[in-house]
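Asker: Below you'll find the structure I mean.
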Amino acid sequence: MRLVIAYIRPEKLPEVKQALFKRDVLKISVSNALGCGDEPTIYEQYRGRTSEVDLHKKVRIEAAVNESFVQNVVDGIVEGAQTGEVGDGKIFVIPLEDCYRIRTGEQGHDAIG
Amino acid sequence: MRLVIAYIRPEKLPEVKQALFKRDVLKISVSNALGCGDEPTIYEQYRGRTSEVDLHKKVRIEAAVNESFVQNVVDGIVEGAQTGEVGDGKIFVIPLEDCYRIRTGEQGHDAIG
Amino acid sequence: MRLVIAYIRPEKLPEVKQALFKRDVLKISVSNALGCGDEPTIYEQYRGRTSEVDLHKKVRIEAAVNESFVQNVVDGIVEGAQTGEVGDGKIFVIPLEDCYRIRTGEQGHDAIG
Amino acid sequence: MKRRPMTGDHDHGTLVIGGNSPIGGIEGKTLPASIAAVIGCVMVCLAAGQSAAQATTEAAATPSANAEPVLTQAFVVGNLWLLVGAMLVFVMHLGFACLEAGLTRARNTVNILFKNISIVAIGTLTYAGVGFSLMYGDDLAAGWFAWSGFGIDPGETGQSPAYNDNYPYFTDFIFQAMFAATAATIVSGAVAERIKLESFLIFSTVFVGLVYPVIGFWKWGEGWLDAAGFYDFAGSTLVHAVGGWGALAGALILGPRLGRFEAGHGRAYHGHSMPLAAIGVFLLWFGWFGFNGGSVLSADPASMSLVFVTTMLGACAGVVGAVSLSWFLFRKPDLSMALNGALAGLVSITAGADSITPGSSIIIGVIGGCVVVVGILSLDRLRIDDPVGAIPVHLICGIWGTAAVGIFSTNEDHTLLAQLLGIAAAAALAFPAALAIFFVLKLTIGLRVSPEAERIGLDIDEHGMEAYSGFQIFNTQ
Amino acid sequence: MKRRPMTGDHDHGTLVIGGNSPIGGIEGKTLPASIAAVIGCVMVCLAAGQSAAQATTEAAATPSANAEPVLTQAFVVGNLWLLVGAMLVFVMHLGFACLEAGLTRARNTVNILFKNISIVAIGTLTYAGVGFSLMYGDDLAAGWFAWSGFGIDPGETGQSPAYNDNYPYFTDFIFQAMFAATAATIVSGAVAERIKLESFLIFSTVFVGLVYPVIGFWKWGEGWLDAAGFYDFAGSTLVHAVGGWGALAGALILGPRLGRFEAGHGRAYHGHSMPLAAIGVFLLWFGWFGFNGGSVLSADPASMSLVFVTTMLGACAGVVGAVSLSWFLFRKPDLSMALNGALAGLVSITAGADSITPGSSIIIGVIGGCVVVVGILSLDRLRIDDPVGAIPVHLICGIWGTAAVGIFSTNEDHTLLAQLLGIAAAAALAFPAALAIFFVLKLTIGLRVSPEAERIGLDIDEHGMEAYSGFQIFNTQ
Amino acid sequence: MKRRPMTGDHDHGTLVIGGNSPIGGIEGKTLPASIAAVIGCVMVCLAAGQSAAQATTEAAATPSANAEPVLTQAFVVGNLWLLVGAMLVFVMHLGFACLEAGLTRARNTVNILFKNISIVAIGTLTYAGVGFSLMYGDDLAAGWFAWSGFGIDPGETGQSPAYNDNYPYFTDFIFQAMFAATAATIVSGAVAERIKLESFLIFSTVFVGLVYPVIGFWKWGEGWLDAAGFYDFAGSTLVHAVGGWGALAGALILGPRLGRFEAGHGRAYHGHSMPLAAIGVFLLWFGWFGFNGGSVLSADPASMSLVFVTTMLGACAGVVGAVSLSWFLFRKPDLSMALNGALAGLVSITAGADSITPGSSIIIGVIGGCVVVVGILSLDRLRIDDPVGAIPVHLICGIWGTAAVGIFSTNEDHTLLAQLLGIAAAAALAFPAALAIFFVLKLTIGLRVSPEAERIGLDIDEHGMEAYSGFQIFNTQ
Ligand SMILES: Nc1ncnc2c1ncn2[C@@H]1O[C@H](COP(=O)(O)OP(=O)(O)O)[C@@H](O)[C@H]1O
Ligand SMILES: Nc1ncnc2c1ncn2[C@@H]1O[C@H](COP(=O)(O)OP(=O)(O)O)[C@@H](O)[C@H]1O
Ligand SMILES: Nc1ncnc2c1ncn2[C@@H]1O[C@H](COP(=O)(O)OP(=O)(O)O)[C@@H](O)[C@H]1O
């Protein structure tokens, strides 16, 4: 099993969700994040002072899947989130040792979906 | 060492914390998340338009523990978070290679607790 | 490749960012978290009732790096975040199996930076 | 001093039926029909169409046609002040909305705002339909009950000084109408975060339409309580305690919010926005100058200025009282107590604002401020859940303020006995009536939302809408 | 009833040119220069320095020198009420700012607030520079066009009852000036979240400076529309529909917000703060008592009190209408509809607030409330994107309210025909003019921000600032 | 024009001591006792009980007993306007609270709100106890110092036109009291996010109770500055600059917020809620019509209307000035500068609102708006940390506005020299006095919270409460 973590542009979340659903990846978790990458720095102004803001708004997606699904997830995220501009984000794949469904106590592969 | 990640219902956080403390799991980190699973879609209304909201409010818990504690953590979370209804959430267990305590610079098993 | 996760004090984020940049770690992701550790409980007052708050505001940092950079990241975080007081936080190192750059579809070591 | 000294021999009842008065008037059937429409969601257009026909036929004379015999200074300036006062009381509804929303959790905010704007609308229309007539109509039962037909109608002379030396009929109505909705809004805070929307709207309609005006008539309509020597300048009892009794009834029948008193000693549910709560209190305080100042019912400089001073000092003293006591008790300066303290001072001073000295107003306010802190703690101990402190502020301080007139008034006619009688009389009708309405609602359409709805919040459950779309809010409380 | 009955033979035009009046006056060139300064960011100090010299030389007599022949009651009290009314209309700008900000996304909030405070400033200065003269100046073209020179100048007698029985010149100006900026603010809501700041500011300046006052002159300046028997008490057409036409023009030329109608059936972009929106509506409602009440243009008790009653009942009925219909249609009580319903009732009642019965005001309000719900749905279907509902509220209800005078007025002089003429006349100038201004801007400096800017939000893109620094907000909509 | 022209031969001092006046009065010892109670958290009930006894014994006559010889128009309407003005000034406190909270970080919001509501309460009570007597009491030292005993007391004729043609005693008091608390609130903004709550409350009490009224007496109490020809219509110097000097003293002694000027060029700490800040500015602007308009001290139409026009134009011009300059300098339209610009215009116009032409008001406002931008930048360079810009707005623009009277006034009696004298005199007392109070506090109970408290925020540290419970807020700034 694998845990796929992705950082994407916030406004791309609906497209990513759609692309994943199309590929039968129905269970994901989403949270808010700030990302620092190659994107150009934003300059904020406040009362005459300029601050450099290099943390850009991102959305973080987490999806736990069986090995066979990893490519699906990666493809879905790339399809939904790619614009070709710097700042599109990254996908990280991590080994997942175990998984439990809280509702039933099920464990392992059965619990993941 | 393992990193245990769990998604639970927000209102269950106090119970989960209590259940973990009972089992001597005293150090956890918590963040806010949205989850997409089997729960029924919520319909939001705004100015005559209906939107389908399939992202439900969840809380994400992270606890790094030694191998021997994993079962404790899983049991505690299940005890605290289970309602039996769809949407109770998941627990993911990930291998943890290393761990540091920032305050002292300690590393490994000693640093985790 | 490794995924380094760290919890630090919110007000230390600028220092940590600087310390990481000095070490050529330019890409990180940041999110908001609450942490429960050894820090003394805060007592909140509301309309005559006291609540114990044991969740302290933290910032969570995630940086995916090649093996050779792990020590750099750890050192940077420790340098930037250490105060010596309880509550400085932890660093967790997790094996990272794969990595993709969404913009280009690049994979593996090339995609990480 | 009478609340509404009618100088003209205005014959209220017959004209409405006749309907041929120069200044329109609402036909008896039009208004309640509209209100029924709200509640049942029916037939708005129908009712409108029907009465549109009626209205046009009677539209003969210009409104301000023969309304100007001679415009005395008292009439012109008094009218201006009362209308300004009415606006200020209107602002209090915004104050209530902000305060209640601020002191409750983010997931019930839309619901609270919806309730507040609905109450203003329904309350005013109901008061126009039946309330004003019940409160200031013709005495039908020895000072116990009044009625002058449905709707409002100034009659021939209502818009001239013949009606009253200090203001015309419509000014009288609008000022009173703004007061009326207040009583229901007070209830709103105590039952927040768990009451069904429909049930609350129906309760409000009945409470503002029937209960509030009947009690009001006893005193301000020159009924039996007035004759008994009871004094309530601007409504510590008639508005605040009446609303407070409704709040208590609601809180008792509904029970506490889920988990509020569970797990041993219970939990505090923190309000989600202190700035919103503070805006609410400042606006209430601001509006109170109209509430109390307007209750002079004229622009008499001596009275008005005294009322402004006592109101201001009372509120300030309320803050001081509540802050001092709560700081002393909890070892922390609690903002929510400071806010409630200001309101406590204001409610306490309301009954006697025109007949006490500034010195007394400070004493009354300080005690009010202390009372509210003790009240909040006591309710907590009694496991009565009142999210915004409506019961301590409006009921307990309302009672204290009314009683204080008997103690501090500079007018020898005011006696503690008469004050206690008034307090008891209001309680004797308002509390059982509110209990009864809530109870009937509980048995019929139900009073409380499901636990599930309470958990995810009324905003999503009842309205399908979030108050702060996009904001990351921990929903763990 | 005339909007601005001038009793004194005040010779407006010549005095300004002369510039030797006792009460200063703004030199023709000073003001437009200042405004140009805003827009182009230039030469503020220069202009100031130059006219400082001029101003000091003419500073000879004390302002209130010979302005007191005899202060009649009508003059003193009328003046007080109009100034209070002016303040209340000022508060409406805060109401608009809150409402617009609340109903849009968090990432455009700074931009909206900036627009709103700028409009007040620019609008008032522009109105002082040219608007007042265009609207209430000397008739130069048979009731079609007026002009009395740049700037404001009370002349010899402007500050005395010789100018008008009920208020002096400066009161007249300030009350009218507060109205003027409103028209531009209405546009602001409809074009929110995508218009370029500079373009909007230029549009507002021209719209408030030229279009609004010319149409206003036709009726309130006693131009041809007035002669034709058209009646618009406080501006359902002259203010709200005129602003609404500008809003429609803007929404059409700009097109919808990115993604609003994409993906089949489109998405709703939820407003980011319902409390802010509710505060906005309550403050608008509050200010409306000054908007309508002040339009009585005197403190006449009979008129004033009637206007307060019809305004209040209209607003309440608007809430009831919108809530009933939307609850019935969507099966959920929609707060944003309740809020728009209140405004719908208020806009609808504005044209005839002084010449209908309270009963009619309820009917007009209920229909207004229903109209706004249907309007919002229809615009959605037509794929016209109006984030805050400015078009349904101000344009559609403005038209409805104006027409309703022809139906419900108790004054026989008001005819539906004349009302329709007025509606058409305002449309015939306001809509093409707004289209033209927007079009010229589109061709020159551009009207719409880049898609990139729309995505990250105008706050960061145009202002380099966040409205809620530190708050975690999902930016996915 | 005198600030408080007393026409009656009202003998202020003796009556209070006698205490047998018909209209109550506060006993000398009652009030300070209450205030002490706040600060030290002691003995509220004791003090209340004791003076309750006193109060009841003297409660013999009805307040409005013999207060109505003949109610002239000036008296009735003037009173009404001043009381409305007092309310408007009250709203300014809400404005200050919102502005300060909005421009600082979310973790100090509760603290700021608490300070603001406490200041109103303590300031008003202190002013009733000693301030009013110090400011408008009997001249004891050739125009340098006044005193008429503790408390307020209208005496025999205070509530009749014999006291003053335009308003009774209590109206005078309440209007002045609302002003008084303003001076302390100004300080609040500059010392925000790092001052200890207790220290600030004590500072405010002393500053409002002693420093402000003494300086006020010099001019408005007809002391030596008044005799010297100094003119300050509504308080550019007496209120705003005095408050501004306190702000400067506080900012200097406290030093900047942690990390504000560290790391080379320092960081900007963004305010956490621009909507809150904007609401604050609009409410301040709204209230300013009462601040300036009320300072006419009568309802004279010519003066009032001129003041409204100059106030409005000044504020608008302030926005234009600040926006133009900051847009030009920073290449971005900065909302916080627009907001400060409005206040800058208002403060600048305050000293001469009744004695300049509308044209001059625009010039004064534009310059004020530019001054505030330069002021903010300069303070930043000087490493003086003023989170909300209180010093540029109130101190620098207060000075500019006062000086401007000497340049632009249409009244020949106003000279630049006298204005500079007034500015210097106020500075000479206010600044050292504020420094001294802060210094004593620093040496005794301490002035600044611990670095730890500053990091986690005063809300949690001092109040144990969060302003936005549940909201996810980055605490990294
Ligand atoms: N090595 C990394 N570790 C953690 N987060 C990363 C890493 N690289 C990229 N990110 C996340 O992805 C986002 C986009 O990265 P960026 O390098 O700007 O885009 P691109 O991949 O298109 O060059 C960043 O804002 C950050 O949130
Ligand atoms: N495969 C997964 N990857 C990531 N998050 C998941 C996954 N499965 C479930 N979750 C999280 O758990 C929550 C509950 O899952 P759901 O399937 O609705 O409940 P249940 O396990 O009771 O059927 C989801 O909202 C989501 O946040
Ligand atoms: N085992 C753990 N699992 C998850 N988070 C942890 C763990 N240990 C510490 N943390 C995070 O680190 C923060 C600081 O930990 P704490 O134990 O208080 O500090 P210290 O390491 O200085 O003793 C905690 O608030 C929590 O967010």
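Residues in the structure tokens are numbered from 1 in each chain, the chains being A, B, ... in the order shown, and ligands are numbered from 1 in the order shown.
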Within 8 Å of ligand 2, which residues show up when you count only C-alpha atoms and all ligand atoms? List them as a VMD selection string, please.
Answerer: (chain A and resid 3 26 to 30 62 to 65 101 to 104 111 to 113) or (chain B and resid 6 to 8 33 to 39 55 to 58 84 to 90)
Asker: Determine which residues of region 109-279 of chain D receive a DSSP assignment of strand (DSSP E), computed from the backbone, and state them as a ChimeraX atom specification.
Answerer: /D:138-139,146-147
Asker: If we count only C-alpha atoms and set the cut-off at 12 Å, which residues sit around Ser68 (chain A), ignoring sequence neighbours fewer than 4 positions away in its own chain? Please answer as a PyMOL selection string.
Answerer: chain A and resi 1-2+25+64+72-74+109
Asker: Given only C-alpha atoms and all ligand atoms as the basis, pick out the residue of A:Leu96, A:Val70, A:Ile91, A:Leu20 nearest to ligand 1.
Answerer: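 With only C-alpha atoms and all ligand atoms as the atom set, the closest residue is A:Ile91.
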Asker: To one decimal in Å, tell me the separation between CA of Gly155 (chain E) and CA of Ile215 (chain E).
Answerer: 25.2 Å
